[in-house]
Each structure stands twice: as C-alpha cells, then as structure tokens.
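Chemist: Supplied structure: input-v8.pdb, PDB, C-alpha atoms.
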```pdb
ATOM      1  CA  MET L 142      18.036 -14.367  98.866
ATOM      2  CA  LYS L 143      18.953 -10.995  97.384
ATOM      3  CA  LEU L 144      15.915  -8.690  97.268
ATOM      4  CA  TYR L 145      17.422  -5.366  96.255
ATOM      5  CA  ALA L 146      20.392  -4.071  94.301
ATOM      6  CA  ASP L 147      23.519  -2.611  95.915
ATOM      7  CA  ARG L 148      23.949   0.326  93.561
ATOM      8  CA  PRO L 149      21.859   3.368  94.554
ATOM      9  CA  ALA L 150      20.301   4.092  91.148
ATOM     10  CA  ARG L 151      19.089   0.514  90.616
ATOM     11  CA  LEU L 152      18.007   0.266  94.253
ATOM     12  CA  ALA L 153      15.944   3.457  93.999
ATOM     13  CA  LEU L 154      14.205   2.198  90.856
ATOM     14  CA  GLN L 155      13.395  -1.137  92.485
ATOM     15  CA  VAL L 156      12.006   0.462  95.641
ATOM     16  CA  LEU L 157       9.944   2.905  93.555
ATOM     17  CA  ALA L 158       8.575   0.115  91.346
ATOM     18  CA  ASP L 159       7.668  -2.001  94.389
ATOM     19  CA  ALA L 160       5.980   0.950  96.099
ATOM     20  CA  LEU L 161       3.985   1.836  92.975
ATOM     21  CA  ALA L 162       2.896  -1.774  92.494
ATOM     22  CA  VAL L 163       1.713  -2.070  96.099
ATOM     23  CA  LEU L 164      -0.017   1.326  95.893
ATOM     24  CA  TRP L 165      -1.744   0.291  92.653
ATOM     25  CA  ILE L 166      -3.042  -2.906  94.256
ATOM     26  CA  VAL L 167      -4.224  -1.125  97.419
ATOM     27  CA  LEU L 168      -6.014   1.606  95.445
ATOM     28  CA  TRP L 169      -7.889  -0.886  93.289
ATOM     29  CA  ILE L 170      -8.866  -2.953  96.313
ATOM     30  CA  LYS L 171     -10.250   0.203  97.941
ATOM     31  CA  ALA L 172     -12.078   1.089  94.730
ATOM     32  CA  ALA L 173     -13.565  -2.410  94.583
ATOM     33  CA  LEU L 174     -14.721  -2.191  98.211
ATOM     34  CA  ALA L 175     -16.262   1.232  97.605
ATOM     35  CA  LEU L 176     -18.122  -0.059  94.545
ATOM     36  CA  HIS L 177     -19.301  -3.102  96.497
ATOM     37  CA  ASP L 178     -20.642  -0.916  99.292
ATOM     38  CA  ALA L 179     -22.374   1.438  96.838
ATOM     39  CA  VAL L 180     -24.104  -1.387  94.987
ATOM     40  CA  ALA L 181     -24.935  -3.249  98.201
ATOM     41  CA  ALA L 182     -26.557  -0.091  99.575
ATOM     42  CA  ALA L 183     -29.125  -0.384  96.804
ATOM     43  CA  GLY L 184     -30.174  -3.644  98.454
ATOM     44  CA  ALA L 185     -31.925  -1.557 101.105
ATOM     45  CA  SER L 186     -34.865  -1.225  98.726
ATOM     46  CA  GLY L 187     -35.174  -4.996  98.658
ATOM     47  CA  THR L 188     -35.137  -5.083 102.451
ATOM     48  CA  MET L 189     -37.895  -2.462 102.607
ATOM     49  CA  LEU L 190     -40.034  -4.436 100.144
ATOM     50  CA  ALA L 191     -39.501  -7.651 102.081
ATOM     51  CA  ASP L 192     -40.368  -6.016 105.402
ATOM     52  CA  ALA L 193     -43.453  -4.330 103.948
ATOM     53  CA  GLY L 194     -44.656  -7.543 102.334
ATOM     54  CA  ASP L 195     -44.078  -9.561 105.496
ATOM     55  CA  ALA L 196     -45.952  -6.931 107.537
ATOM     56  CA  VAL L 197     -48.938  -7.034 105.153
ATOM     57  CA  ASP L 198     -48.946 -10.835 105.199
ATOM     58  CA  ARG L 199     -48.769 -10.914 108.984
ATOM     59  CA  HIS L 200     -51.480  -8.298 109.616
ATOM     60  CA  MET L 201     -53.856  -9.639 106.965
ATOM     61  CA  GLY L 202     -53.361 -13.132 108.382
ATOM     62  CA  ASP L 203     -54.316 -11.907 111.834
ATOM     63  CA  ALA L 204     -57.297 -10.028 110.371
ATOM     64  CA  ALA L 205     -58.422 -13.127 108.445
ATOM     65  CA  ASP L 206     -58.196 -15.249 111.603
ATOM     66  CA  ALA L 207     -60.339 -12.697 113.410
ATOM     67  CA  ALA L 208     -62.848 -12.541 110.536
ATOM     68  CA  ARG L 209     -63.322 -16.299 110.606
ATOM     69  CA  GLN L 210     -64.718 -15.948 114.105
ATOM     70  CA  VAL L 211     -67.752 -14.075 112.734
ATOM     71  CA  PRO L 212     -70.699 -16.467 112.613
ATOM     72  CA  LEU L 213     -71.988 -17.500 109.185
ATOM     73  CA  ALA L 214     -70.047 -14.871 107.155
ATOM     74  CA  GLY L 215     -66.625 -15.552 108.641
ATOM     75  CA  ASP L 216     -65.181 -17.417 105.675
ATOM     76  CA  SER L 217     -66.502 -14.853 103.200
ATOM     77  CA  LEU L 218     -64.974 -12.004 105.186
ATOM     78  CA  ALA L 219     -61.641 -13.834 105.628
ATOM     79  CA  SER L 220     -61.201 -14.717 101.944
ATOM     80  CA  PRO L 221     -60.270 -11.240 100.623
ATOM     81  CA  LEU L 222     -58.071 -10.642 103.654
ATOM     82  CA  THR L 223     -56.259 -13.897 102.938
ATOM     83  CA  SER L 224     -55.766 -12.861  99.304
ATOM     84  CA  VAL L 225     -54.253  -9.560 100.394
ATOM     85  CA  GLY L 226     -51.997 -11.442 102.808
ATOM     86  CA  GLU L 227     -50.839 -13.746 100.019
ATOM     87  CA  ALA L 228     -50.049 -10.699  97.883
ATOM     88  CA  GLY L 229     -48.017  -9.333 100.775
ATOM     89  CA  ALA L 230     -46.137 -12.635 101.050
ATOM     90  CA  SER L 231     -45.343 -12.477  97.307
ATOM     91  CA  LEU L 232     -44.124  -8.920  97.759
ATOM     92  CA  GLY L 233     -41.879 -10.065 100.613
ATOM     93  CA  ASP L 234     -40.444 -12.872  98.494
ATOM     94  CA  ALA L 235     -39.776 -10.442  95.635
ATOM     95  CA  GLY L 236     -37.991  -8.086  98.023
ATOM     96  CA  ARG L 237     -35.773 -10.866  99.334
ATOM     97  CA  SER L 238     -34.997 -12.018  95.785
ATOM     98  CA  LEU L 239     -34.073  -8.454  94.815
ATOM     99  CA  GLN L 240     -31.871  -8.135  97.879
ATOM    100  CA  GLU L 241     -30.036 -11.395  97.079
ATOM    101  CA  SER L 242     -29.530 -10.366  93.430
ATOM    102  CA  ILE L 243     -28.101  -6.993  94.417
ATOM    103  CA  ALA L 244     -25.805  -8.597  97.000
ATOM    104  CA  SER L 245     -24.498 -11.075  94.406
ATOM    105  CA  SER L 246     -23.988  -8.285  91.879
ATOM    106  CA  ALA L 247     -22.102  -6.207  94.454
ATOM    107  CA  VAL L 248     -19.689  -9.063  95.145
ATOM    108  CA  LEU L 249     -19.187  -9.843  91.443
ATOM    109  CA  LEU L 250     -18.620  -6.209  90.434
ATOM    110  CA  GLY L 251     -16.221  -5.697  93.330
ATOM    111  CA  LEU L 252     -14.178  -8.759  92.392
ATOM    112  CA  LEU L 253     -14.011  -7.801  88.703
ATOM    113  CA  THR L 254     -13.044  -4.227  89.544
ATOM    114  CA  ALA L 255     -10.079  -5.368  91.646
ATOM    115  CA  PHE L 256      -9.151  -8.525  89.736
ATOM    116  CA  LEU L 257      -8.355  -7.168  86.281
ATOM    117  CA  PRO L 258      -6.033  -4.266  87.264
ATOM    118  CA  ILE L 259      -4.268  -6.421  89.865
ATOM    119  CA  VAL L 260      -3.704  -9.208  87.325
ATOM    120  CA  VAL L 261      -2.210  -6.657  84.915
ATOM    121  CA  VAL L 262       0.318  -5.344  87.435
ATOM    122  CA  LEU L 263       1.161  -8.813  88.764
ATOM    123  CA  GLY L 264       1.627 -10.076  85.207
ATOM    124  CA  THR L 265       4.113  -7.330  84.342
ATOM    125  CA  TRP L 266       5.883  -6.257  87.536
ATOM    126  CA  LEU L 267       6.035  -9.513  89.497
ATOM    127  CA  PRO L 268       7.698 -11.792  86.887
ATOM    128  CA  ALA L 269      10.437  -9.230  86.218
ATOM    129  CA  ARG L 270      10.932  -8.726  89.948
ATOM    130  CA  LEU L 271      11.185 -12.446  90.659
ATOM    131  CA  ARG L 272      13.530 -12.957  87.710
ATOM    132  CA  TRP L 273      15.901 -10.275  89.053
ATOM    133  CA  ILE L 274      15.795 -11.762  92.560
ATOM    134  CA  ARG L 275      16.647 -15.191  91.186
ATOM    135  CA  GLN L 276      19.502 -13.890  89.012
ATOM    136  CA  ALA L 277      20.905 -11.632  91.724
ATOM    137  CA  SER L 278      20.739 -14.382  94.347
ATOM    138  CA  THR L 279      22.493 -16.795  91.994
ATOM    139  CA  ALA L 280      25.160 -14.210  91.151
ATOM    140  CA  ARG L 281      25.731 -13.460  94.828
ATOM    141  CA  SER L 282      26.061 -17.174  95.590
ATOM    142  CA  ALA L 283      28.466 -17.627  92.658
ATOM    143  CA  GLY L 284      30.547 -14.705  93.867
ATOM    144  CA  ALA L 285      30.947 -16.402  97.222
ATOM    145  CA  LEU L 286      32.762 -19.396  95.735
ATOM    146  CA  LYS L 287      36.323 -19.896  96.893
ATOM    147  CA  GLY L 288      39.300 -18.589  94.988
ATOM    148  CA  ARG L 289      38.696 -17.325  91.490
ATOM    149  CA  ALA L 290      35.861 -19.760  90.873
ATOM    150  CA  GLY L 291      33.295 -17.081  91.666
ATOM    151  CA  GLU L 292      34.798 -14.687  89.120
ATOM    152  CA  ARG L 293      34.870 -17.386  86.460
ATOM    153  CA  VAL L 294      31.206 -18.287  87.049
ATOM    154  CA  LEU L 295      30.162 -14.642  86.915
ATOM    155  CA  ALA L 296      32.239 -14.114  83.784
ATOM    156  CA  LEU L 297      30.563 -17.110  82.162
ATOM    157  CA  ARG L 298      27.143 -15.664  83.028
ATOM    158  CA  ALA L 299      28.210 -12.368  81.467
ATOM    159  CA  LEU L 300      29.110 -14.162  78.235
ATOM    160  CA  ALA L 301      25.556 -15.511  78.111
ATOM    161  CA  SER L 302      23.688 -12.365  79.127
ATOM    162  CA  ALA L 303      25.675  -9.228  78.200
ATOM    163  CA  ARG L 304      25.327  -7.438  74.898
ATOM    164  CA  PRO L 305      28.036  -8.205  72.306
ATOM    165  CA  ALA L 306      29.153  -4.569  72.313
ATOM    166  CA  ARG L 307      29.792  -4.658  76.045
ATOM    167  CA  LEU L 308      31.672  -7.950  75.727
ATOM    168  CA  ALA L 309      33.798  -6.569  72.927
ATOM    169  CA  ALA L 310      34.686  -3.593  75.101
ATOM    170  CA  VAL L 311      36.204  -5.999  77.618
ATOM    171  CA  HIS L 312      38.217  -8.156  75.189
ATOM    172  CA  ASP L 313      38.472  -8.744  71.462
ATOM    173  CA  ASP L 314      37.683 -12.422  72.024
ATOM    174  CA  PRO L 315      35.975 -12.665  75.444
ATOM    175  CA  VAL L 316      35.133 -16.350  75.063
ATOM    176  CA  GLU L 317      38.767 -17.255  74.383
ATOM    177  CA  ALA L 318      39.851 -14.987  77.245
ATOM    178  CA  TRP L 319      37.533 -16.864  79.590
ATOM    179  CA  ARG L 320      38.629 -20.259  78.243
ATOM    180  CA  THR L 321      42.318 -19.448  78.763
ATOM    181  CA  ASP L 322      41.551 -17.908  82.160
ATOM    182  CA  ASP L 323      42.821 -14.443  81.352
ATOM    183  CA  ALA L 324      42.634 -13.045  84.890
ATOM    184  CA  GLU L 325      42.112  -9.428  83.874
ATOM    185  CA  ALA L 326      39.461 -10.225  81.278
ATOM    186  CA  VAL L 327      37.672 -12.670  83.586
ATOM    187  CA  ARG L 328      37.585 -10.047  86.337
ATOM    188  CA  ALA L 329      36.213  -7.472  83.893
ATOM    189  CA  LEU L 330      33.555  -9.883  82.653
ATOM    190  CA  ALA L 331      32.536 -10.710  86.223
ATOM    191  CA  GLY L 332      32.242  -7.003  86.955
ATOM    192  CA  LEU L 333      30.108  -6.609  83.851
ATOM    193  CA  GLU L 334      27.644  -9.194  85.123
ATOM    194  CA  LEU L 335      27.485  -7.599  88.564
ATOM    195  CA  ARG L 336      26.887  -4.148  87.092
ATOM    196  CA  ARG L 337      24.116  -5.547  84.891
ATOM    197  CA  LEU L 338      22.317  -6.636  88.039
ATOM    198  CA  GLY L 339      23.186  -3.527  90.036
ATOM    199  CA  LEU L 340      25.416  -5.456  92.453
ATOM    200  CA  ARG L 341      28.810  -4.652  93.905
ATOM    201  CA  PRO L 342      31.653  -7.166  94.208
ATOM    202  CA  ARG L 343      31.622  -9.037  97.502
ATOM    203  CA  ARG L 344      34.204  -7.631  99.890
ATOM    204  CA  THR L 345      36.946 -10.028 100.859
TER     205      THR L 345
END
```
Could you render the structure as structure tokens?
Modeler:
Amino acid sequence: MKLYADRPARLALQVLADALAVLWIVLWIKAALALHDAVAAAGASGTMLADAGDAVDRHMGDAADAARQVPLAGDSLASPLTSVGEAGASLGDAGRSLQESIASSAVLLGLLTAFLPIVVVLGTWLPARLRWIRQASTARSAGALKGRAGERVLALRALASARPARLAAVHDDPVEAWRTDDAEAVRALAGLELRRLGLRPRRT
C-alpha cells in the first residue's frame, strides 16, 4: 500500500492535509467534551435538590414515628409531619429527574457538537485520500510488472485519466502510439501518469 507521494511538493501537501484533518477532529472532540462537562456541571443543582428532599423526607419520617408514640394525639401530630416528608420525597424525585435530564442533554449536545464537524471533514478529506492511496498503490503495482508491461499499463491509465492537452503534448495520436507500442510515447505516457499521482518511476 502506498500512503504518500514520492515528490516533495505532493508529499508536503498530503502530510499537511492529514495533519489538519486530525487536528480538526481532535479540536472538535475536545470542544464536545468541554461542552459536555459544562452542561453536566449544571446537574449539581439536581443533586442538591435530591439530597435536600431526601433529608427532609428522612427527618420528617423520623419525627412522625416519634410523634406517633404520644398517647391519644400521636396520629394527629404525625400527620402534618408525614405530609412534609412526602413533599420532601417529591422534591428528591424532582431533583433526580432534573439530574437525569441534564446528564442526557450533556451527552446529546456533546455528540452533536463533535459529530457534525467530523462528518464534514471525513466526507471531504477521507474519500479523496483513500482514492489517491488506491490509485497510487495500483500504479506502483503496475510499474512493478516485468519488462515493458508496467509502462504499457501506466500509459493506458494515463490515456484514461490525463487531460487531453497533456496527452497531446506527448503525441499527436497517443492512443495509436500506445496501440502500436511506440516505446518513447509509451514511456512518456507512463511518466505522465506517475507525475499525476506524485510518484517517481521505480528504480531498476
């Protein structure tokens, strides 16, 4: 597999593009984590509500149990304490619900923050990068064929991929030159394909 070009200019551009793509992804992941932490920190209010409600429920429950021990008026004294305890329990449930909602929102916002920018860069940079790797690897494999077969395969690829102006600069009729195996034209066409990909001819 050929990952990078041989020619310095094309190699520098590829390395720069890869570095920028990775940096872009890392920065957005960090931004998503920071947003998640900021939103999740707001969940502390839900924790405080839940703790306060649970404390009220617990203390009023203990007070109601103690009030029930009072002869004759125990139930009457315990009733309002029980009501306050139930209100505390509702407050605790509301705090826990708020905490869960904030936690879910933090995860969702973090994922959306990272997902969209990363999809954009992967949808533009990655396909082009993979396409070049595939073409360069195929060209390198073709160039390794024995004899002049490698040159002929590369020349044929140039006929399919190079601009007409570049082909015309090689030969007035490049297709006929390839068909008749014009050695000089075939070599020039093969070189054209390698230059298009930023590759150098394989040393023999």
Chemist: Kindly provide, as lines of an AutoDock Vina configuration file, the centre and edge lengths (Å, one decimal) of an axis-aligned box around all atoms of segment 149-153 of chain L given in the file, with 6 Å on each side.
Modeler:
```
center_x = 18.9
center_y = 2.2
center_z = 92.6
size_x = 17.9
size_y = 15.8
size_z = 15.9
```
Chemist: Quick one: which residues end up in the PyMOL selection byres ((chain L and resi 196) around 12) for this structure, as a short mmCIF file (atom, residue, chain, number, x, y, z; two decimals) with C-alpha atoms, in the coordinates of the input?
Modeler:
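After the write, selection_39.cif holds the following:
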```cif
data_model
loop_
_atom_site.label_atom_id
_atom_site.label_comp_id
_atom_site.auth_asym_id
_atom_site.auth_seq_id
_atom_site.Cartn_x
_atom_site.Cartn_y
_atom_site.Cartn_z
CA MET L 189 -37.90 -2.46 102.61
CA LEU L 190 -40.03 -4.44 100.14
CA ALA L 191 -39.50 -7.65 102.08
CA ASP L 192 -40.37 -6.02 105.40
CA ALA L 193 -43.45 -4.33 103.95
CA GLY L 194 -44.66 -7.54 102.33
CA ASP L 195 -44.08 -9.56 105.50
CA VAL L 197 -48.94 -7.03 105.15
CA ASP L 198 -48.95 -10.84 105.20
CA ARG L 199 -48.77 -10.91 108.98
CA HIS L 200 -51.48 -8.30 109.62
CA MET L 201 -53.86 -9.64 106.96
CA GLY L 202 -53.36 -13.13 108.38
CA ASP L 203 -54.32 -11.91 111.83
CA VAL L 225 -54.25 -9.56 100.39
CA GLY L 226 -52.00 -11.44 102.81
CA GLU L 227 -50.84 -13.75 100.02
CA ALA L 228 -50.05 -10.70 97.88
CA GLY L 229 -48.02 -9.33 100.78
CA ALA L 230 -46.14 -12.64 101.05
CA SER L 231 -45.34 -12.48 97.31
CA LEU L 232 -44.12 -8.92 97.76
CA GLY L 233 -41.88 -10.06 100.61
#
```
Chemist: Looking at only C-alpha atoms, which of L:Arg307, L:Arg337, L:His177, L:Arg148 is the one that sits closest to Ala244 of chain L?
Modeler: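 The answer is L:His177, which sits nearest to Ala244 of chain L.
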Chemist: With distances taken over all atoms listed in the file, which of L:Val294, L:Ala204, L:Leu154, L:Val260 is nearest to Val327 of chain L?
Modeler: L:Val294
Chemist: Atom CA of Ala255 of chain L to atom CA of Trp169 of chain L: how many Å, to one decimal?
Modeler: 5.3 Å
Chemist: Grab the atom CA of Leu176 of chain L to atom CA of Ile243 of chain L distance for me, in Å with one decimal place.
Modeler: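 Those two atoms sit 12.2 Å apart.
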Chemist: In Å, rounded to a single decimal, give me how far atom CA of Ile274 of chain L is from atom CA of Leu257 of chain L.
Modeler: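 Atom-to-atom, atom CA of Leu257 of chain L to atom CA of Ile274 of chain L, that is 25.4 Å.
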Chemist: Given the file above and the PyMOL selection byres ((chain L and resi 309-325) around 10), which residues are selected, and can you give them as an MDAnalysis selection string?
Modeler: chainID L and resid 289 292:294 296:297 299:300 304:308 326:331 333
Chemist: Looking at all atoms listed in the file, which of L:Ile170, L:Ala283, L:Ala181, L:Ala303 is the one that sits closest to Ser246 of chain L?
Modeler: L:Ala181
Chemist: Of the candidates L:Ser282, L:Ala179, L:Trp165, L:Gly288, which one gets nearest to Pro258 of chain L if we count all atoms listed in the file?
Modeler: L:Trp165
Chemist: Of the candidates L:Leu338, L:Ala173, L:Leu253, L:Val156, which one gets nearest to Arg272 of chain L if we count only C-alpha atoms?
Modeler: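 Closest to Arg272 of chain L, using only C-alpha atoms: L:Leu338.
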Chemist: Find the spatial neighbours of Ile259 of chain L, counting all atoms listed in the file, within a cut-off of 6 Å - ignore same-chain residues fewer than 3 positions away - and output them as a PyMOL selection string.
Modeler: chain L and resi 166+256+262
Chemist: Between L:Ser278, L:Thr265, L:Ser245, L:Ser302, which is the closest to Asp178 of chain L once you count all atoms listed in the file?
Modeler: L:Ser245
Chemist: For Arg151 of chain L, find every residue with an atom within 12 Å (counting all atoms listed in the file), except residues of its own chain fewer than 5 positions away, and show them as a VMD selection string.
Modeler: chain L and resid 144 to 146 156 to 158 273 335 to 341
